[in-house]
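First comes the structure, then the notes that go with it.
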Amino acid sequence: MEESLLLEDEQKEEKLYQLKMIKLESLKKSDHFKLVLNGRKIHTNFYSIFATKNFLKPKKNTLLISFIAKKKIGNAVKRNRIKRKLKAITVKILKIKGAININYTYIIICKTKSYTEKHDKILLEMQNSFKKLN
């Protein structure tokens, strides 16, 4: 009885460890971007998310996701800050079990409003967007 409880606890810890260790990997080739951009889409005031089933075989515990900020948004500092903010939010959402489907490839295109908006508001919006996509 005690051994089965210990095994269950070890399995739970292993699952939590796997959820924490998911790495974000970016797309590299323009053909891959084109395939994802033809998939499902969700548009908000802060970003646009494009998703398709994985067509590449990613490594274990990796999520294929790319963040794009157009030059129209502003200078490099502003664009990088927006991308860092959205990456941090997706990492937070990844820690919630089942919030983001790892079997999909995502592209997130940043918008100017996400620069000034509070972190919490974007987090709630992004959670809802990923639920709609799944």
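Please note that chains go A, B, ... in the order of the structure tokens, that every chain numbers its residues from 1, and that ligands are numbered from 1 in the order shown.
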Report as a CSV table (one decimal) with N, CA and C atoms, in the first residue's frame all protein, DNA and RNA residues lying within 9 Å of Ile73 of chain A, evaluated on only C-alpha atoms, omitting residues in the same chain fewer than 4 positions from it.
chain,number,residue,atom,x,y,z
A,69,ALA,N,7.4,40.8,-34.1
A,69,ALA,CA,7.0,42.2,-33.9
A,69,ALA,C,7.5,43.0,-35.1
A,78,LYS,N,11.6,48.7,-28.0
A,78,LYS,CA,10.1,48.6,-27.7
A,78,LYS,C,9.7,47.2,-28.3
A,79,ARG,N,10.1,46.8,-29.4
A,79,ARG,CA,9.7,45.5,-30.0
A,79,ARG,C,10.2,44.4,-29.1
A,110,CYS,N,2.8,40.4,-32.4
A,110,CYS,CA,2.6,41.4,-31.4
A,110,CYS,C,2.0,42.7,-32.0
A,111,LYS,N,1.2,43.3,-31.2
A,111,LYS,CA,0.6,44.6,-31.6
A,111,LYS,C,1.1,45.7,-30.6
A,112,THR,N,0.9,47.0,-31.0
A,112,THR,CA,1.4,48.1,-30.2
A,112,THR,C,0.8,48.2,-28.8
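Those residues of chain A that DSSP, working from the backbone, places in strand (DSSP E) are Lys23, Leu24, Glu25, Arg40, Lys41, Ile42, His43, Tyr47, Ser48, Ile49, Phe50, Ala51, Thr52, Lys53, Thr62, Leu63, Leu64, Ile65, Ser66, Phe67, Ile68, Tyr104, Thr105, Tyr106, Ile107, Ile108, Ile109 and Cys110 of chain A.
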Report task. Could you give me, as a PyMOL selection string, the residues within 7 Å of Asn54 of chain A, counting only C-alpha atoms and dropping anything in the same chain fewer than 4 positions from it? Result -> chain A and resi 103-105
With a cut-off of 9 Å, could you pull out the residues of segment 103-129 of chain A touching segment 20-44 of chain A and give me the nearest pair of atoms for each, distance in Å to one decimal, using only C-alpha atoms, ordered by chain and ascending number, as a Markdown table?
| residue | atom | partner | partner_atom | distance |
| --- | --- | --- | --- | --- |
| A:Thr105 | CA | A:Val36 | CA | 7.0 |
| A:Tyr106 | CA | A:Val36 | CA | 7.0 |
| A:Ile107 | CA | A:Val36 | CA | 7.1 |
| A:Lys111 | CA | A:Thr44 | CA | 8.9 |
| A:Glu125 | CA | A:Thr44 | CA | 8.1 |
| A:Met126 | CA | A:Thr44 | CA | 8.9 |
| A:Ser129 | CA | A:Ile42 | CA | 6.8 |
**Report entry** Test item, helix (DSSP H, G or I) assignment across chain A, answer as a PyMOL selection string
**Finding:** chain A and resi 2-20+30-37+71-73+76-94+113-116+119-133
Query - Separation of atom CA of Lys95 of chain A from atom CA of Lys121 of chain A in Å - result: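 About the pair atom CA of Lys121 of chain A and atom CA of Lys95 of chain A: they are 17.7 Å apart.
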**Report entry** Given only C-alpha atoms as the counted atoms, nearest of A:Ile89, A:Val77, A:Ile102, A:Leu94 to Lys57 of chain A
**Finding:** A:Ile102
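For the pair atom CA of Ile93 of chain A and atom CA of Asn75 of chain A, the interatomic distance is 27.6 Å.
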